[in-house]
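Trainee: Structure provided below as C-alpha cells; questions to follow.
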Amino acid sequence: MGCGVTKSTQLQLKPCNRGNISVPAATAMRAALLIQRWYRQYVAQLEMRRRCTWNIFQSIEYSGQQDHIKLYNFFGYLMDHFSSANSQRNLVSHMFGESDVFQDMEWERHVCYKEIEVLDIYTGPHLSFPLTISNVTELVHAFKNKQKLHARYVLQLLGKTWTLLRLMPNISHVCTCKHKEITICGDLHGHLEDLLLIFYKNGFPSAETPYVFNGDFVDRGKESIEILLVLFAFLLLYPHDVHLNRGNHEDHIVNLRYGFTKEVLGKYQVHGKMILKLLQKIFSWLPLATVIDQKVLILHGGISDKTDLNVIAKLDRHRFASALRPLKSSGASARLKEAALDPDGDDELSTGRRRVQSLTHGTPLRLRQELPRHSVHSESSRTSRSVEEELRERRRLAGLSLSSDSDPAEVLETDTNEWKQIVDVLWSDPMSQNGCVPNEVRGGGCYWGPDVTHKVLDTHKLQLLIRSHECKQEGYEFCHNGRVLTIFSASNYYDVGSNRGAYIRLGPDLIPHFKQFQSSRSTRELTLRQSVGRTELSALQALRMQLFAHKSDLIHEFQEYDPQCTGVISVKHWAAAVEKALRLALPWRVLRSQLVTDSAQDGTLNYQHWVNQLSVMQPNTEITNTSLLETLYKHHSNLESIFRMIDTDHSGLISFKEFRQTWKLLSSHLQMDISDKAISDLAESIDFNKDGSIDINEFMEAFRLVEHSRAETDAPASPE
C-alpha cells in the first residue's frame, strides 16, 4: 500500500506545465495521499469496533464463569458448615460424593451395555471391537450426516476408552521423527464441523498423522458427544498417535451449566444418566499435559509460579473428578475455612470488571488502578466478619441449622497442593506483566507473567508452551517473547464471523506452522465491514440483555448521581453508573452511541427514558411480580444449574417442594429475600399441565422466549 504513483499511471498523465510544476501529477499525488489516509482511518475504525465487540463477548462469558463458580462455592459452603440432617445440605450433597458412581472394576456390571438391544429399525453405524479404520470412518460419516450412534455402542466405546485411559500417564511424551509432523488442536467446544474441517484439510489421525487435542471438547456447541465419540474412537484405534489433554470443561459440574449435560440427556433419554456417569470417570482419567521431544509443553490452561511438572506427573489425577473443589481428608467430611460467598459482597462495586476470588490463589489482583475488592475465598480480606459471624448470617438468610460438629477439618496438605497444580493447569491465563496473581476474572487458576514462563520452562529445560483456553480472533496468538502460544480451534465461537479457528503443525524443527480456517461458508464470503457489523449487532444485543437484567441496579446507580430526581445525568455519570452496575470493564462512553439513541447535545441524557426503552419487553402475563421476573432473567443460568443438580435422576422434572428449595438456595446465595408466596405463585403459574411437577426444559425455554421477544422488539440500530 505505497503512496507512490505507478509508471503506467505517470505515462497516462497529461501534465500542463506551468513553470516547473506539473499540476495534474501533483493533484494525483495529493489524491493518493488522501485516499490512503481515508483508508487507514477506515481500517482503524473497523478494528476499534471489532475489538470493542470482542471485549463485550469476552466480558459476558467470563461473568458467567464467575457466577457459576460462586454458586458452586456456595453449595460447597453449605456442605462444609451445616449439619448432615439439614434438608438443604442433603439437597446438594450428591454434587460432591461419588457414592452413586460405580467403582473402577465394576463398569461392565453397572453399564450393562450387552443387555441393550439394537433393533432392526436402527440405521446408524454399527461398531465392532476392537475397532477398525472402517468402523471409525463410518462413524465420522454418520455424524457428518446427522445420524446418532446407538446407546449400546456409545457405552461400549466409552467403557473401552476408560479402560485405556487408566493405563496412560499424567503427562504423555511424544517424539517426532525426521519427516513426521504432529498436529495440535485447541478448544473445539462441541463444534463438530470444525473438527471435520480439520480432518478434511489435514487428514484423519493415523500413525503418519499424529494429533494432540488440547482439551475443552465439550459444552457450548451442540455436538459435543459426537466429538467425544470420534476422538475416543481414534484414540482406541491409534493409542500411540492420538493424545487427549483434559480441559477445564471436562468437568461434570461445569457441564451442568454450559450445555453438555442437557445435550446428552436430550439425545439419550433412556441411557443418558449412565453415559454421564461413565463420562465423569473418563474425564477424571484424561491426561493433564503432553510433552513433544522434551522441548514443547502442551497443556490446556497454563502454569503458575508453583507449577511443578514432577508433582503433576506423580499425582493421582482420577481423584479430582471436578477441579472446582479440593479433595477432603478421609473419615468425616473435612470442612473448608473459606466461605463461598463474599461476606462483604454488598460493598464489592468497583470501577473494574466484576471479579471473584481465584479458586487457588488468595492474593488480590490489581492489574488496573481500582478500588479494593473483596474476594470469595481470601481469608486476608475477611477482616470485618469472622467465620462464626458469617455462619450465623447464612443461617439467618437460608434458615439452616448449624452442625454441632462444624469445626473445619484440615484438608491434607499434599491433596491441596496437587489440587492447586491441576487447577492452575486447567484454568490459568497469561498476562503481559511479570508476576503471578489470582485469575479473578475467571475465578480459577492464575494470571502468570513472562518471568514465570521463563522460570518454569527453563527449570524443566523446555523452550515452548502451547496452551488453549482462550478464544483468539485469528485462532492463535503468541505472547511472552514467543515462548507461549495460544491455539483455539472453534471458529465462530461467540457468533458467526466472530473468530477464525486454527491448528498447528509441528515438525522435528519444533517451529509451529499455523493453518487457519472458518467453517461457515457464508462468513467467508462476507467483506470485513459486513463481518464486523454482523458480530457487532449480536454483541450489542447480548449487552442489551445484560442491561435489562440489571435494570434495578442501574436505576439505583443513576439516582446516586441525580439527588434532585431530575431524571437527567451527564454522559460521564451514565458511563460510571453502568459500569458500577454491570462491572464488565467495557468502554461505555464509546458504546453510548450504540446504546443510547436520544442523548442531548449538551452532554446529558434522560436516564429514565433510556431505562424505559430497556423495559420494552412485556412481562409474562402469568408472572405479576416484576421483581421476581427480573431475578428470573438475571439469574436464569444459575437457576437452570440448580434445577439440574436437584434433578438427580435426570428425569427433567422437579416437584413443587424441590422448586421451592431451589429458590431458597438461590435467594440465600444472592442475599435477597423472596417470599414463600411469590415462589408458590410462580410454581403454580409455570405448572402448565397442573400435575404438581415442573418440567425444567419447558420452564427455561418459556423464559428464553421472553428474551427472544425482547430481542426482536428492541434490536439495536445498524452500525455505520
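In the C-alpha cells, chains take the letters A, B, ... in the order shown, each chain's residues start at 1, and ligands count up from 1 in the order shown.
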Neighbours of segment 226-242 of chain A within 8 Å (only C-alpha atoms; same-chain residues fewer than 4 positions away dropped), as a PyMOL selection string?

Mentor: chain A and resi 131-133+136+139-140+143+154+157-158+160-161+164+190-192+195+205-207+209-213+217-218

Trainee: Show me, as a ChimeraX atom specification, the residues that have an atom within 12 Å of Tyr268 of chain A when counting only C-alpha atoms, minus same-chain residues fewer than 6 positions from it.

Mentor: /A:148-152,154-155,225,261-262,274-276,650-651

Trainee: Those same residues - N, CA and C atoms - I'd like them written as a PDB file, in the first residue's frame.

Mentor:
```pdb
ATOM      1  N   LYS A 148     -27.210 -40.658  14.654  1.00  0.00           N
ATOM      2  CA  LYS A 148     -26.867 -40.839  16.062  1.00  0.00           C
ATOM      3  C   LYS A 148     -26.364 -42.262  16.282  1.00  0.00           C
ATOM      4  N   LEU A 149     -25.331 -42.393  17.106  1.00  0.00           N
ATOM      5  CA  LEU A 149     -24.806 -43.709  17.449  1.00  0.00           C
ATOM      6  C   LEU A 149     -25.681 -44.338  18.520  1.00  0.00           C
ATOM      7  N   HIS A 150     -25.965 -45.598  18.370  1.00  0.00           N
ATOM      8  CA  HIS A 150     -26.833 -46.305  19.316  1.00  0.00           C
ATOM      9  C   HIS A 150     -26.200 -46.309  20.707  1.00  0.00           C
ATOM     10  N   ALA A 151     -27.054 -46.241  21.738  1.00  0.00           N
ATOM     11  CA  ALA A 151     -26.580 -46.168  23.123  1.00  0.00           C
ATOM     12  C   ALA A 151     -25.719 -47.373  23.496  1.00  0.00           C
ATOM     13  N   ARG A 152     -26.014 -48.543  22.941  1.00  0.00           N
ATOM     14  CA  ARG A 152     -25.195 -49.725  23.248  1.00  0.00           C
ATOM     15  C   ARG A 152     -23.753 -49.486  22.833  1.00  0.00           C
ATOM     16  N   VAL A 154     -22.346 -46.577  22.243  1.00  0.00           N
ATOM     17  CA  VAL A 154     -21.804 -45.447  22.995  1.00  0.00           C
ATOM     18  C   VAL A 154     -21.200 -45.935  24.310  1.00  0.00           C
ATOM     19  N   LEU A 155     -21.973 -46.710  25.055  1.00  0.00           N
ATOM     20  CA  LEU A 155     -21.492 -47.197  26.351  1.00  0.00           C
ATOM     21  C   LEU A 155     -20.299 -48.136  26.188  1.00  0.00           C
ATOM     22  N   ILE A 225     -21.086 -34.578  22.255  1.00  0.00           N
ATOM     23  CA  ILE A 225     -20.973 -36.017  22.429  1.00  0.00           C
ATOM     24  C   ILE A 225     -20.422 -36.658  21.169  1.00  0.00           C
ATOM     25  N   THR A 261     -24.428 -31.584  29.698  1.00  0.00           N
ATOM     26  CA  THR A 261     -25.340 -32.478  30.410  1.00  0.00           C
ATOM     27  C   THR A 261     -26.702 -32.517  29.740  1.00  0.00           C
ATOM     28  N   LYS A 262     -27.212 -31.356  29.411  1.00  0.00           N
ATOM     29  CA  LYS A 262     -28.515 -31.274  28.748  1.00  0.00           C
ATOM     30  C   LYS A 262     -28.471 -31.938  27.378  1.00  0.00           C
ATOM     31  N   MET A 274     -26.474 -43.022  32.637  1.00  0.00           N
ATOM     32  CA  MET A 274     -25.321 -43.914  32.707  1.00  0.00           C
ATOM     33  C   MET A 274     -24.171 -43.390  31.849  1.00  0.00           C
ATOM     34  N   ILE A 275     -24.490 -42.806  30.704  1.00  0.00           N
ATOM     35  CA  ILE A 275     -23.448 -42.214  29.851  1.00  0.00           C
ATOM     36  C   ILE A 275     -22.732 -41.093  30.592  1.00  0.00           C
ATOM     37  N   LEU A 276     -23.482 -40.258  31.287  1.00  0.00           N
ATOM     38  CA  LEU A 276     -22.874 -39.157  32.032  1.00  0.00           C
ATOM     39  C   LEU A 276     -21.998 -39.672  33.176  1.00  0.00           C
ATOM     40  N   HIS A 650     -32.225 -37.238  36.593  1.00  0.00           N
ATOM     41  CA  HIS A 650     -32.183 -36.707  35.222  1.00  0.00           C
ATOM     42  C   HIS A 650     -33.493 -36.959  34.475  1.00  0.00           C
ATOM     43  N   SER A 651     -34.590 -36.847  35.190  1.00  0.00           N
ATOM     44  CA  SER A 651     -35.892 -37.036  34.547  1.00  0.00           C
ATOM     45  C   SER A 651     -36.375 -35.771  33.855  1.00  0.00           C
TER      46      SER A 651
END
```

Trainee: Between A:Glu138, A:Phe57, A:Cys112, A:Leu506, which has the minimum distance to Gly124 of chain A (counting only C-alpha atoms)?

Mentor: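 Once distances to Gly124 of chain A are computed over only C-alpha atoms, the minimum belongs to A:Glu138.
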
Trainee: One decimal, Å: what's the distance from atom CA of His550 of chain A over to atom CA of Cys565 of chain A, could you say?

Mentor: 19.9 Å

Trainee: Between atom CA of Ile69 of chain A and atom CA of Val254 of chain A, what is the distance in Å, rounded to a tenth?

Mentor: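 According to the coordinates, atom CA of Ile69 of chain A and atom CA of Val254 of chain A are separated by 8.8 Å.
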
Trainee: Please list as an NGL selection string every residue within 12 Å of Thr453 of chain A, counting only C-alpha atoms and excluding residues in the same chain fewer than 3 positions away.

Mentor: :A and (297 or 302-307 or 429-436 or 447-450 or 456-466 or 479-485)

Trainee: What does the file look like for those residues with N, CA, C and O atoms, as a tab-separated table (two decimals), in the first residue's frame?

Mentor:
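Saved file result.tsv follows:
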```tsv
chain	number	residue	atom	x	y	z
A	297	LEU	N	5.92	-28.09	25.75
A	297	LEU	CA	4.90	-28.48	26.73
A	297	LEU	C	3.53	-28.04	26.22
A	297	LEU	O	3.33	-26.88	25.86
A	302	GLY	N	-2.66	-23.27	31.60
A	302	GLY	CA	-1.37	-22.62	31.75
A	302	GLY	C	-0.62	-23.10	32.97
A	302	GLY	O	-0.77	-24.25	33.41
A	303	ILE	N	0.16	-22.21	33.53
A	303	ILE	CA	1.05	-22.54	34.65
A	303	ILE	C	0.94	-21.45	35.71
A	303	ILE	O	0.25	-20.44	35.52
A	304	SER	N	1.64	-21.64	36.80
A	304	SER	CA	1.78	-20.62	37.83
A	304	SER	C	3.20	-20.69	38.36
A	304	SER	O	4.01	-21.52	37.93
A	305	ASP	N	3.51	-19.81	39.29
A	305	ASP	CA	4.85	-19.84	39.87
A	305	ASP	C	5.06	-21.06	40.76
A	305	ASP	O	6.18	-21.33	41.21
A	306	LYS	N	3.99	-21.83	41.01
A	306	LYS	CA	4.09	-23.05	41.82
A	306	LYS	C	4.05	-24.31	40.98
A	306	LYS	O	4.13	-25.42	41.52
A	307	THR	N	3.91	-24.17	39.68
A	307	THR	CA	3.78	-25.35	38.82
A	307	THR	C	5.05	-26.20	38.86
A	307	THR	O	6.16	-25.69	38.67
A	429	ASP	N	-4.41	-18.18	32.78
A	429	ASP	CA	-4.23	-17.38	31.57
A	429	ASP	C	-2.94	-16.57	31.68
A	429	ASP	O	-2.57	-16.14	32.79
A	430	PRO	N	-2.27	-16.30	30.56
A	430	PRO	CA	-1.07	-15.44	30.60
A	430	PRO	C	-1.44	-13.97	30.67
A	430	PRO	O	-2.52	-13.56	30.25
A	431	MET	N	-0.52	-13.16	31.21
A	431	MET	CA	-0.67	-11.71	31.22
A	431	MET	C	0.66	-11.09	30.80
A	431	MET	O	1.70	-11.75	30.81
A	432	SER	N	0.62	-9.84	30.43
A	432	SER	CA	1.82	-9.18	29.92
A	432	SER	C	2.76	-8.75	31.03
A	432	SER	O	3.97	-8.63	30.81
A	433	GLN	N	2.25	-8.49	32.24
A	433	GLN	CA	3.09	-8.06	33.35
A	433	GLN	C	3.79	-9.26	34.00
A	433	GLN	O	3.29	-10.38	33.95
A	434	ASN	N	4.92	-9.00	34.60
A	434	ASN	CA	5.60	-10.03	35.37
A	434	ASN	C	4.81	-10.37	36.63
A	434	ASN	O	4.03	-9.56	37.13
A	435	GLY	N	5.03	-11.57	37.14
A	435	GLY	CA	4.39	-11.96	38.39
A	435	GLY	C	3.36	-13.05	38.18
A	435	GLY	O	3.14	-13.56	37.08
A	436	CYS	N	2.72	-13.41	39.28
A	436	CYS	CA	1.67	-14.44	39.28
A	436	CYS	C	0.60	-13.99	40.27
A	436	CYS	O	0.87	-13.86	41.46
A	447	TYR	N	-3.25	-15.60	36.76
A	447	TYR	CA	-2.59	-14.91	35.66
A	447	TYR	C	-1.09	-15.02	35.90
A	447	TYR	O	-0.62	-14.70	36.99
A	448	TRP	N	-0.36	-15.46	34.89
A	448	TRP	CA	1.08	-15.55	35.08
A	448	TRP	C	1.79	-14.71	34.01
A	448	TRP	O	1.30	-14.57	32.89
A	449	GLY	N	2.94	-14.17	34.40
A	449	GLY	CA	3.68	-13.27	33.53
A	449	GLY	C	4.85	-13.92	32.84
A	449	GLY	O	5.15	-15.10	33.04
A	450	PRO	N	5.57	-13.14	31.99
A	450	PRO	CA	6.72	-13.67	31.24
A	450	PRO	C	7.81	-14.24	32.14
A	450	PRO	O	8.46	-15.23	31.76
A	456	VAL	N	9.62	-21.47	34.69
A	456	VAL	CA	9.11	-22.84	34.62
A	456	VAL	C	9.71	-23.58	33.43
A	456	VAL	O	10.15	-24.73	33.55
A	457	LEU	N	9.73	-22.94	32.27
A	457	LEU	CA	10.28	-23.61	31.09
A	457	LEU	C	11.77	-23.91	31.25
A	457	LEU	O	12.24	-24.99	30.90
A	458	ASP	N	12.50	-22.93	31.77
A	458	ASP	CA	13.94	-23.15	31.94
A	458	ASP	C	14.22	-24.23	32.98
A	458	ASP	O	15.16	-25.02	32.83
A	459	THR	N	13.41	-24.27	34.04
A	459	THR	CA	13.61	-25.29	35.08
A	459	THR	C	13.48	-26.69	34.51
A	459	THR	O	14.24	-27.60	34.88
A	460	HIS	N	12.54	-26.86	33.58
A	460	HIS	CA	12.30	-28.19	33.02
A	460	HIS	C	12.94	-28.35	31.63
A	460	HIS	O	12.61	-29.31	30.92
A	461	LYS	N	13.81	-27.40	31.26
A	461	LYS	CA	14.56	-27.45	30.01
A	461	LYS	C	13.63	-27.54	28.80
A	461	LYS	O	13.83	-28.33	27.88
A	462	LEU	N	12.60	-26.70	28.83
A	462	LEU	CA	11.62	-26.61	27.73
A	462	LEU	C	11.81	-25.29	27.00
A	462	LEU	O	12.31	-24.32	27.58
A	463	GLN	N	11.37	-25.22	25.76
A	463	GLN	CA	11.53	-23.99	25.01
A	463	GLN	C	10.22	-23.32	24.62
A	463	GLN	O	10.20	-22.14	24.28
A	464	LEU	N	9.10	-24.07	24.64
A	464	LEU	CA	7.83	-23.50	24.19
A	464	LEU	C	6.69	-24.11	24.99
A	464	LEU	O	6.69	-25.31	25.28
A	465	LEU	N	5.72	-23.25	25.34
A	465	LEU	CA	4.48	-23.69	25.99
A	465	LEU	C	3.33	-23.43	25.02
A	465	LEU	O	3.10	-22.29	24.62
A	466	ILE	N	2.60	-24.48	24.66
A	466	ILE	CA	1.40	-24.35	23.83
A	466	ILE	C	0.19	-24.59	24.71
A	466	ILE	O	0.11	-25.63	25.39
A	479	CYS	N	2.69	-14.85	22.87
A	479	CYS	CA	2.98	-13.87	23.92
A	479	CYS	C	4.23	-14.32	24.66
A	479	CYS	O	4.81	-15.38	24.36
A	480	HIS	N	4.65	-13.52	25.62
A	480	HIS	CA	5.83	-13.82	26.45
A	480	HIS	C	7.06	-14.09	25.59
A	480	HIS	O	7.73	-15.12	25.70
A	481	ASN	N	7.32	-13.11	24.70
A	481	ASN	CA	8.51	-13.18	23.84
A	481	ASN	C	8.54	-14.44	22.98
A	481	ASN	O	9.60	-15.01	22.71
A	482	GLY	N	7.36	-14.87	22.55
A	482	GLY	CA	7.27	-16.02	21.67
A	482	GLY	C	7.38	-17.36	22.34
A	482	GLY	O	7.41	-18.40	21.67
A	483	ARG	N	7.40	-17.41	23.67
A	483	ARG	CA	7.54	-18.69	24.38
A	483	ARG	C	6.21	-19.28	24.84
A	483	ARG	O	6.17	-20.41	25.32
A	484	VAL	N	5.12	-18.53	24.67
A	484	VAL	CA	3.78	-19.04	24.96
A	484	VAL	C	2.93	-18.85	23.71
A	484	VAL	O	2.87	-17.75	23.15
A	485	LEU	N	2.27	-19.90	23.30
A	485	LEU	CA	1.44	-19.88	22.09
A	485	LEU	C	0.05	-20.40	22.44
A	485	LEU	O	-0.09	-21.51	22.97
```
